[in-house]
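Here the structure is laid out as structure tokens; the discussion comes afterwards.
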Amino acid sequence: MSMDFTDQRLSYEKGELSQQSVPTSPFELLNVWMDEAIEQKIQEPYAMSLATCGSDNKPSVRIVLLREITDTGIVFYTNYESAKGQDIAENPNAEVLFFWHELERQIRISGSIAKIEADKSAAYFQKRPHDSQVGAWVSQPQSGAVANREVMERKFEQLQSDYAASTQVPTPQFWGGYEITVDSIEFWQGRANRMHDRIVYTKESADGSEHWETKRLLP
Ligand SMILES: Cc1cc2nc3c(=O)[nH]c(=O)nc-3n(C[C@H](O)[C@H](O)[C@H](O)COP(=O)(O)O)c2cc1C
């Protein structure tokens, strides 16, 4: 059965973006847009699609949660031995995408990924709810096949009894944060008649120092 969506279209008219009005640093604009997404009560504004590509040259994409915006990049947490962890070990280049329909905005961030310091990962792991900590131990190796749900549930129950609610769950060596050091960020604001605003920041180096340049892109 086929489905035809060629008559489905929306007109985007909620905002605009001009090259003259954007701040010098993309992180400033990223923070402003993130604050607006939170204010507008967008569900899971932190959810972002993460695209990676290992040495097989086959791209993979999945959602992860943004956990921090630093001065140089963005941080998320995962299992280092997952399929994405394998991709990242083979090729550190990655891209991330946010789409906030309610604001008619898309943000596209690209850069290179590296593991964050183990101490920082452990500090975050220890802040997570007890059962999420147990869940991280159950999902090892993340992305590996499991015979059925029962196997997972038995492992969860076993670990819950090994680590009673009052017991500290050890931080797994195989779990932690990655930071994407940002090379470019594109901010997309939907406009009417497909005349969307696209402003891209790229990091440029000159005389040993780095700065951001902006360009407007055709929609
Ligand atoms: C809303 C949402 C949030 C998610 N957050 C994370 C996350 O922060 N870290 C993570 O490893 N997986 C997260 N996942 C699960 C991933 O999308 C994915 O299924 C998992 O990480 C395995 O991906 P991989 O096989 O490509 O490594 C999330 C999924 C959804 C739908």
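A note on labels: chains of the structure tokens are A, B, ... as shown, every chain counts residues from 1, and ligands are counted from 1 in their shown order.
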Using only C-alpha atoms and all ligand atoms, what are the residues with an atom within 6 Å of ligand 1, set out as a PDB file with all heavy atoms, in the first residue's frame?
ATOM      1  N   ALA A  47      16.019  16.643  23.374  1.00  0.00           N
ATOM      2  CA  ALA A  47      16.162  15.467  22.505  1.00  0.00           C
ATOM      3  C   ALA A  47      16.742  15.896  21.163  1.00  0.00           C
ATOM      4  O   ALA A  47      16.246  16.826  20.525  1.00  0.00           O
ATOM      5  CB  ALA A  47      14.804  14.794  22.307  1.00  0.00           C
ATOM      6  N   ARG A  62      20.136   8.445  15.644  1.00  0.00           N
ATOM      7  CA  ARG A  62      19.275   8.078  16.772  1.00  0.00           C
ATOM      8  C   ARG A  62      19.178   9.306  17.684  1.00  0.00           C
ATOM      9  O   ARG A  62      19.980  10.224  17.593  1.00  0.00           O
ATOM     10  CB  ARG A  62      19.802   6.873  17.569  1.00  0.00           C
ATOM     11  CG  ARG A  62      20.909   7.145  18.530  1.00  0.00           C
ATOM     12  CD  ARG A  62      22.205   7.503  17.872  1.00  0.00           C
ATOM     13  NE  ARG A  62      22.910   6.368  17.283  1.00  0.00           N
ATOM     14  CZ  ARG A  62      23.824   6.484  16.362  1.00  0.00           C
ATOM     15  NH1 ARG A  62      24.220   7.687  15.912  1.00  0.00           N
ATOM     16  NH2 ARG A  62      24.414   5.418  15.851  1.00  0.00           N
ATOM     17  N   ILE A  63      18.159   9.264  18.572  1.00  0.00           N
ATOM     18  CA  ILE A  63      17.980  10.369  19.520  1.00  0.00           C
ATOM     19  C   ILE A  63      18.846  10.139  20.753  1.00  0.00           C
ATOM     20  O   ILE A  63      18.902   9.023  21.275  1.00  0.00           O
ATOM     21  CB  ILE A  63      16.495  10.451  19.985  1.00  0.00           C
ATOM     22  CG1 ILE A  63      15.539  10.662  18.812  1.00  0.00           C
ATOM     23  CG2 ILE A  63      16.316  11.524  21.048  1.00  0.00           C
ATOM     24  CD1 ILE A  63      15.395  12.052  18.311  1.00  0.00           C
ATOM     25  N   VAL A  64      19.498  11.194  21.225  1.00  0.00           N
ATOM     26  CA  VAL A  64      20.114  11.202  22.559  1.00  0.00           C
ATOM     27  C   VAL A  64      19.713  12.518  23.227  1.00  0.00           C
ATOM     28  O   VAL A  64      19.224  13.426  22.556  1.00  0.00           O
ATOM     29  CB  VAL A  64      21.664  11.056  22.514  1.00  0.00           C
ATOM     30  CG1 VAL A  64      22.088   9.677  22.063  1.00  0.00           C
ATOM     31  CG2 VAL A  64      22.305  12.139  21.672  1.00  0.00           C
ATOM     32  N   LEU A  65      19.944  12.594  24.536  1.00  0.00           N
ATOM     33  CA  LEU A  65      19.547  13.801  25.257  1.00  0.00           C
ATOM     34  C   LEU A  65      20.737  14.720  25.494  1.00  0.00           C
ATOM     35  O   LEU A  65      21.768  14.282  26.009  1.00  0.00           O
ATOM     36  CB  LEU A  65      18.921  13.435  26.604  1.00  0.00           C
ATOM     37  CG  LEU A  65      17.587  12.695  26.559  1.00  0.00           C
ATOM     38  CD1 LEU A  65      17.100  12.400  27.971  1.00  0.00           C
ATOM     39  CD2 LEU A  65      16.525  13.497  25.796  1.00  0.00           C
ATOM     40  N   PHE A  76      26.514  14.749  25.696  1.00  0.00           N
ATOM     41  CA  PHE A  76      25.461  13.748  25.932  1.00  0.00           C
ATOM     42  C   PHE A  76      26.102  12.523  26.559  1.00  0.00           C
ATOM     43  O   PHE A  76      27.338  12.391  26.552  1.00  0.00           O
ATOM     44  CB  PHE A  76      24.723  13.379  24.621  1.00  0.00           C
ATOM     45  CG  PHE A  76      25.599  12.688  23.604  1.00  0.00           C
ATOM     46  CD1 PHE A  76      25.681  11.289  23.549  1.00  0.00           C
ATOM     47  CD2 PHE A  76      26.351  13.412  22.706  1.00  0.00           C
ATOM     48  CE1 PHE A  76      26.489  10.648  22.619  1.00  0.00           C
ATOM     49  CE2 PHE A  76      27.179  12.780  21.771  1.00  0.00           C
ATOM     50  CZ  PHE A  76      27.243  11.401  21.731  1.00  0.00           C
ATOM     51  N   TYR A  77      25.261  11.631  27.088  1.00  0.00           N
ATOM     52  CA  TYR A  77      25.777  10.436  27.775  1.00  0.00           C
ATOM     53  C   TYR A  77      25.225   9.181  27.126  1.00  0.00           C
ATOM     54  O   TYR A  77      24.077   9.150  26.674  1.00  0.00           O
ATOM     55  CB  TYR A  77      25.382  10.461  29.264  1.00  0.00           C
ATOM     56  CG  TYR A  77      26.141  11.532  30.025  1.00  0.00           C
ATOM     57  CD1 TYR A  77      25.703  12.852  30.009  1.00  0.00           C
ATOM     58  CD2 TYR A  77      27.318  11.241  30.706  1.00  0.00           C
ATOM     59  CE1 TYR A  77      26.409  13.848  30.678  1.00  0.00           C
ATOM     60  CE2 TYR A  77      28.031  12.229  31.380  1.00  0.00           C
ATOM     61  CZ  TYR A  77      27.569  13.527  31.357  1.00  0.00           C
ATOM     62  OH  TYR A  77      28.282  14.505  32.009  1.00  0.00           O
ATOM     63  N   THR A  78      26.059   8.165  27.111  1.00  0.00           N
ATOM     64  CA  THR A  78      25.629   6.914  26.477  1.00  0.00           C
ATOM     65  C   THR A  78      26.548   5.778  26.906  1.00  0.00           C
ATOM     66  O   THR A  78      27.430   5.938  27.749  1.00  0.00           O
ATOM     67  CB  THR A  78      25.616   7.074  24.930  1.00  0.00           C
ATOM     68  OG1 THR A  78      24.957   5.935  24.365  1.00  0.00           O
ATOM     69  CG2 THR A  78      27.013   7.192  24.349  1.00  0.00           C
ATOM     70  N   ASN A  79      26.327   4.623  26.266  1.00  0.00           N
ATOM     71  CA  ASN A  79      27.174   3.456  26.483  1.00  0.00           C
ATOM     72  C   ASN A  79      28.304   3.498  25.442  1.00  0.00           C
ATOM     73  O   ASN A  79      28.026   3.554  24.244  1.00  0.00           O
ATOM     74  CB  ASN A  79      26.305   2.194  26.319  1.00  0.00           C
ATOM     75  CG  ASN A  79      27.074   0.926  26.584  1.00  0.00           C
ATOM     76  OD1 ASN A  79      28.129   0.694  26.012  1.00  0.00           O
ATOM     77  ND2 ASN A  79      26.529   0.077  27.445  1.00  0.00           N
ATOM     78  N   SER A  82      28.236   0.857  22.683  1.00  0.00           N
ATOM     79  CA  SER A  82      27.048   0.761  21.823  1.00  0.00           C
ATOM     80  C   SER A  82      27.461   0.871  20.359  1.00  0.00           C
ATOM     81  O   SER A  82      28.632   1.133  20.040  1.00  0.00           O
ATOM     82  CB  SER A  82      26.091   1.911  22.159  1.00  0.00           C
ATOM     83  OG  SER A  82      26.747   3.154  21.924  1.00  0.00           O
ATOM     84  N   ALA A  83      26.477   0.720  19.476  1.00  0.00           N
ATOM     85  CA  ALA A  83      26.757   0.871  18.038  1.00  0.00           C
ATOM     86  C   ALA A  83      27.300   2.269  17.757  1.00  0.00           C
ATOM     87  O   ALA A  83      28.257   2.443  16.995  1.00  0.00           O
ATOM     88  CB  ALA A  83      25.486   0.606  17.240  1.00  0.00           C
ATOM     89  N   LYS A  84      26.702   3.284  18.415  1.00  0.00           N
ATOM     90  CA  LYS A  84      27.196   4.648  18.171  1.00  0.00           C
ATOM     91  C   LYS A  84      28.611   4.815  18.712  1.00  0.00           C
ATOM     92  O   LYS A  84      29.441   5.501  18.120  1.00  0.00           O
ATOM     93  CB  LYS A  84      26.220   5.688  18.747  1.00  0.00           C
ATOM     94  CG  LYS A  84      26.258   5.832  20.257  1.00  0.00           C
ATOM     95  CD  LYS A  84      25.253   6.815  20.782  1.00  0.00           C
ATOM     96  CE  LYS A  84      23.897   6.244  21.103  1.00  0.00           C
ATOM     97  NZ  LYS A  84      23.845   4.989  21.877  1.00  0.00           N
ATOM     98  N   SER A 143      22.871  -2.003  22.329  1.00  0.00           N
ATOM     99  CA  SER A 143      22.732  -2.307  20.893  1.00  0.00           C
ATOM    100  C   SER A 143      23.018  -3.778  20.578  1.00  0.00           C
ATOM    101  O   SER A 143      22.894  -4.196  19.427  1.00  0.00           O
ATOM    102  CB  SER A 143      23.607  -1.428  19.977  1.00  0.00           C
ATOM    103  OG  SER A 143      23.666  -0.104  20.416  1.00  0.00           O
TER     104      SER A 143
END
Mind checking which residues fall within 9 Å of Thr167 in chain A, counting only C-alpha atoms, ignoring those fewer than 4 positions away in the same chain, and posting them as a tab-separated table (two decimals) with C-alpha atoms, in the first residue's frame?
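Contents of selection-v2.tsv, as written:
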chain	number	residue	atom	x	y	z
A	130	HIS	CA	18.89	4.66	41.22
A	162	ASP	CA	22.30	-6.71	44.35
A	163	TYR	CA	22.10	-2.93	44.70
Exercise. Leaving out range 107-110 of chain A and any residue of its chain fewer than 6 positions from it, which residues lie within 8 Å of it when counting only C-alpha atoms, given as a PyMOL selection string?
Worked result: chain A and resi 93-99+180+182-188
Exercise. Between A:Cys53, A:Glu210, A:Gly177, A:Val134, which is the closest to Glu153 in chain A once you count only C-alpha atoms?
Worked result: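 The answer is A:Val134, which sits nearest to Glu153 in chain A.
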Exercise. Could you work out how far CA of Gln168 in chain A lies from CA of Ser121 in chain A, giving the answer in Å with one decimal?
Worked result: 15.3 Å
Exercise. Among range 23-195 of chain A, which residues carry a DSSP assignment of strand (DSSP E or B), reported as a ChimeraX atom specification?
Worked result: /A:47-53,59-65,68-69,73-79,93-100,105-115,175-189
